[in-house]
Amino acid sequence: MAKLSQEDLLAQFEEMTLIELSEFVKKFEEKFDVEAAAPVAVAAGVPGAPAAAEAEEQDEFDVVLTGAGDKKIQVIKVVRELTSLGLKEAKDLVDGTPKPVLEKVDKAAADKAAESLKAAGASVEVK
């Protein structure tokens, strides 16, 4: 089998859907016994560090769907508009509440998404 360059691999990944890419990552992790998780920074016990972290203004927010309400179909439609999920994935997300709809977005995008979901009848938290 010919060895693929990094550019060739990236070209192949660009053609994959998110679901296909997710399945590939799972198989890759199983095959090579690794975990494709981002490293987590551990805060050292330095006096004054927590105060500095709290003083920093939060600039990334998560929009978490906590309930679908009575108009579940409308909520699924809004979830699909806000994300790139297909119908089944959006339905699974709405059925499996509480689940994050958007992660690490700016304040304006989080507020707009929360407003859209609330208008559709869902209960939402912005964290």
# chains A, B, ... in the order shown; residues from 1 in each chain; ligands from 1
>>> residues_around(residues="Lys72 in chain A", least_positions_apart="6", cutoff="8 Å", atoms="only C-alpha atoms", output="PyMOL selection string")
chain A and resi 94+121-122
>>> select_by_dssp(residues="range 89-125 of chain A", states="strand (DSSP E or B)", output="JSON, numbers by chain")
{"A": [99, 100, 101, 102, 103, 104, 105, 123, 124, 125]}
>>> write_last_selection(atoms="N, CA and C atoms", output="mmCIF file, in the first residue's frame")
data_model
loop_
_atom_site.group_PDB
_atom_site.id
_atom_site.type_symbol
_atom_site.label_atom_id
_atom_site.label_comp_id
_atom_site.auth_asym_id
_atom_site.auth_seq_id
_atom_site.Cartn_x
_atom_site.Cartn_y
_atom_site.Cartn_z
ATOM 1 N N LYS A 99 -28.313 18.656 27.160
ATOM 2 C CA LYS A 99 -27.177 18.498 26.249
ATOM 3 C C LYS A 99 -26.781 19.861 25.707
ATOM 4 N N PRO A 100 -25.476 20.064 25.462
ATOM 5 C CA PRO A 100 -25.043 21.329 24.854
ATOM 6 C C PRO A 100 -25.405 21.378 23.374
ATOM 7 N N VAL A 101 -25.952 22.504 22.943
ATOM 8 C CA VAL A 101 -26.276 22.707 21.531
ATOM 9 C C VAL A 101 -25.088 23.386 20.854
ATOM 10 N N LEU A 102 -24.583 24.428 21.471
ATOM 11 C CA LEU A 102 -23.402 25.146 20.980
ATOM 12 C C LEU A 102 -22.387 25.227 22.108
ATOM 13 N N GLU A 103 -21.117 25.087 21.775
ATOM 14 C CA GLU A 103 -20.063 25.175 22.780
ATOM 15 C C GLU A 103 -19.023 26.197 22.356
ATOM 16 N N LYS A 104 -18.527 26.938 23.343
ATOM 17 C CA LYS A 104 -17.451 27.905 23.155
ATOM 18 C C LYS A 104 -17.744 28.924 22.055
ATOM 19 N N VAL A 105 -18.911 29.546 22.173
ATOM 20 C CA VAL A 105 -19.279 30.616 21.237
ATOM 21 C C VAL A 105 -19.260 31.938 21.985
ATOM 22 N N SER A 123 -36.406 25.010 27.032
ATOM 23 C CA SER A 123 -35.754 25.654 28.180
ATOM 24 C C SER A 123 -34.245 25.523 27.968
ATOM 25 N N VAL A 124 -33.532 26.641 28.191
ATOM 26 C CA VAL A 124 -32.132 26.730 27.817
ATOM 27 C C VAL A 124 -31.337 27.408 28.938
ATOM 28 N N GLU A 125 -30.076 26.978 29.088
ATOM 29 C CA GLU A 125 -29.136 27.634 29.984
ATOM 30 C C GLU A 125 -27.936 28.101 29.189
#
>>> closest_atom_pairs(of="range 59-109 of chain A", to="range 12-31 of chain A", cutoff="12 Å", atoms="only C-alpha atoms", output="tab-separated table")
residue	atom	partner	partner_atom	distance
A:Thr83	CA	A:Leu18	CA	11.6
A:Ser84	CA	A:Leu18	CA	8.8
A:Leu85	CA	A:Leu18	CA	8.8
A:Gly86	CA	A:Ile19	CA	9.8
A:Lys88	CA	A:Ile19	CA	11.6
A:Glu89	CA	A:Ile19	CA	9.6
>>> closest_residue(among="A:Val63, A:Gly96, A:Ile76, A:Lys91", to="Glu115 in chain A", atoms="only C-alpha atoms")
A:Val63
>>> residues_around(residues="Lys118 in chain A", least_positions_apart="4", cutoff="12 Å", atoms="only C-alpha atoms", output="list of chain:residue names")
A:Val63, A:Val64, A:Leu65, A:Thr66, A:Gly67, A:Ala68, A:Gly69, A:Asp70, A:Lys71, A:Lys72, A:Gln74, A:Val75, A:Val78, A:Val79, A:Asp111, A:Lys112, A:Ala113, A:Ala114, A:Ala122, A:Ser123, A:Val124, A:Glu125, A:Val126
>>> write_last_selection(atoms="N, CA and C atoms", output="PDB file, in the first residue's frame")
ATOM      1  N   VAL A  63     -24.266  26.906  25.138  1.00  0.00           N
ATOM      2  CA  VAL A  63     -25.723  26.954  25.155  1.00  0.00           C
ATOM      3  C   VAL A  63     -26.198  25.524  25.386  1.00  0.00           C
ATOM      4  N   VAL A  64     -26.821  25.282  26.550  1.00  0.00           N
ATOM      5  CA  VAL A  64     -27.233  23.941  26.947  1.00  0.00           C
ATOM      6  C   VAL A  64     -28.754  23.848  26.913  1.00  0.00           C
ATOM      7  N   LEU A  65     -29.266  22.894  26.150  1.00  0.00           N
ATOM      8  CA  LEU A  65     -30.700  22.631  26.072  1.00  0.00           C
ATOM      9  C   LEU A  65     -31.083  21.798  27.287  1.00  0.00           C
ATOM     10  N   THR A  66     -31.952  22.321  28.139  1.00  0.00           N
ATOM     11  CA  THR A  66     -32.335  21.598  29.351  1.00  0.00           C
ATOM     12  C   THR A  66     -33.701  20.931  29.233  1.00  0.00           C
ATOM     13  N   GLY A  67     -34.480  21.312  28.241  1.00  0.00           N
ATOM     14  CA  GLY A  67     -35.785  20.690  28.031  1.00  0.00           C
ATOM     15  C   GLY A  67     -36.390  21.142  26.716  1.00  0.00           C
ATOM     16  N   ALA A  68     -37.143  20.240  26.074  1.00  0.00           N
ATOM     17  CA  ALA A  68     -37.712  20.551  24.766  1.00  0.00           C
ATOM     18  C   ALA A  68     -39.059  21.251  24.846  1.00  0.00           C
ATOM     19  N   GLY A  69     -39.745  21.105  25.960  1.00  0.00           N
ATOM     20  CA  GLY A  69     -41.054  21.739  26.081  1.00  0.00           C
ATOM     21  C   GLY A  69     -42.111  20.999  25.279  1.00  0.00           C
ATOM     22  N   ASP A  70     -43.221  21.683  24.985  1.00  0.00           N
ATOM     23  CA  ASP A  70     -44.346  21.066  24.291  1.00  0.00           C
ATOM     24  C   ASP A  70     -44.156  21.004  22.776  1.00  0.00           C
ATOM     25  N   LYS A  71     -43.353  21.887  22.225  1.00  0.00           N
ATOM     26  CA  LYS A  71     -43.183  21.975  20.767  1.00  0.00           C
ATOM     27  C   LYS A  71     -41.842  21.373  20.359  1.00  0.00           C
ATOM     28  N   LYS A  72     -41.732  20.067  20.553  1.00  0.00           N
ATOM     29  CA  LYS A  72     -40.468  19.365  20.312  1.00  0.00           C
ATOM     30  C   LYS A  72     -40.016  19.475  18.858  1.00  0.00           C
ATOM     31  N   GLN A  74     -40.564  21.902  16.722  1.00  0.00           N
ATOM     32  CA  GLN A  74     -40.031  23.246  16.486  1.00  0.00           C
ATOM     33  C   GLN A  74     -38.624  23.378  17.064  1.00  0.00           C
ATOM     34  N   VAL A  75     -38.405  22.783  18.233  1.00  0.00           N
ATOM     35  CA  VAL A  75     -37.089  22.836  18.873  1.00  0.00           C
ATOM     36  C   VAL A  75     -36.070  22.087  18.015  1.00  0.00           C
ATOM     37  N   VAL A  78     -35.022  24.277  15.154  1.00  0.00           N
ATOM     38  CA  VAL A  78     -34.105  25.335  15.564  1.00  0.00           C
ATOM     39  C   VAL A  78     -32.707  24.766  15.819  1.00  0.00           C
ATOM     40  N   VAL A  79     -32.631  23.591  16.446  1.00  0.00           N
ATOM     41  CA  VAL A  79     -31.333  22.944  16.684  1.00  0.00           C
ATOM     42  C   VAL A  79     -30.630  22.682  15.361  1.00  0.00           C
ATOM     43  N   ASP A 111     -26.453  34.257  23.154  1.00  0.00           N
ATOM     44  CA  ASP A 111     -27.735  34.899  23.460  1.00  0.00           C
ATOM     45  C   ASP A 111     -28.741  34.713  22.328  1.00  0.00           C
ATOM     46  N   LYS A 112     -28.273  34.853  21.093  1.00  0.00           N
ATOM     47  CA  LYS A 112     -29.156  34.687  19.938  1.00  0.00           C
ATOM     48  C   LYS A 112     -29.678  33.254  19.857  1.00  0.00           C
ATOM     49  N   ALA A 113     -28.802  32.269  20.070  1.00  0.00           N
ATOM     50  CA  ALA A 113     -29.206  30.867  20.033  1.00  0.00           C
ATOM     51  C   ALA A 113     -30.199  30.560  21.146  1.00  0.00           C
ATOM     52  N   ALA A 114     -29.919  31.056  22.352  1.00  0.00           N
ATOM     53  CA  ALA A 114     -30.818  30.826  23.481  1.00  0.00           C
ATOM     54  C   ALA A 114     -32.187  31.449  23.218  1.00  0.00           C
ATOM     55  N   ALA A 122     -38.338  25.772  24.063  1.00  0.00           N
ATOM     56  CA  ALA A 122     -37.374  24.992  24.824  1.00  0.00           C
ATOM     57  C   ALA A 122     -36.922  25.757  26.060  1.00  0.00           C
ATOM     58  N   SER A 123     -36.406  25.010  27.032  1.00  0.00           N
ATOM     59  CA  SER A 123     -35.754  25.654  28.180  1.00  0.00           C
ATOM     60  C   SER A 123     -34.245  25.523  27.968  1.00  0.00           C
ATOM     61  N   VAL A 124     -33.532  26.641  28.191  1.00  0.00           N
ATOM     62  CA  VAL A 124     -32.132  26.730  27.817  1.00  0.00           C
ATOM     63  C   VAL A 124     -31.337  27.408  28.938  1.00  0.00           C
ATOM     64  N   GLU A 125     -30.076  26.978  29.088  1.00  0.00           N
ATOM     65  CA  GLU A 125     -29.136  27.634  29.984  1.00  0.00           C
ATOM     66  C   GLU A 125     -27.936  28.101  29.189  1.00  0.00           C
ATOM     67  N   VAL A 126     -27.425  29.276  29.497  1.00  0.00           N
ATOM     68  CA  VAL A 126     -26.187  29.759  28.884  1.00  0.00           C
ATOM     69  C   VAL A 126     -25.139  29.738  29.984  1.00  0.00           C
TER      70      VAL A 126
END
>>> atom_distance(atom1="CA of Ala108 in chain A", atom2="CA of Ala120 in chain A")
18.6 Å
>>> closest_residue(among="A:Asp8, A:Ala109, A:Ala2, A:Asp62", to="Lys127 in chain A", atoms="only C-alpha atoms")
A:Asp62
>>> atom_distance(atom1="CA of Glu60 in chain A", atom2="CA of Leu10 in chain A")
28.0 Å
>>> select_by_dssp(residues="range 2-127 of chain A", states="helix (DSSP H, G or I)", output="PyMOL selection string")
chain A and resi 6-14+18-32+49-55+72-82+87-95+107-119
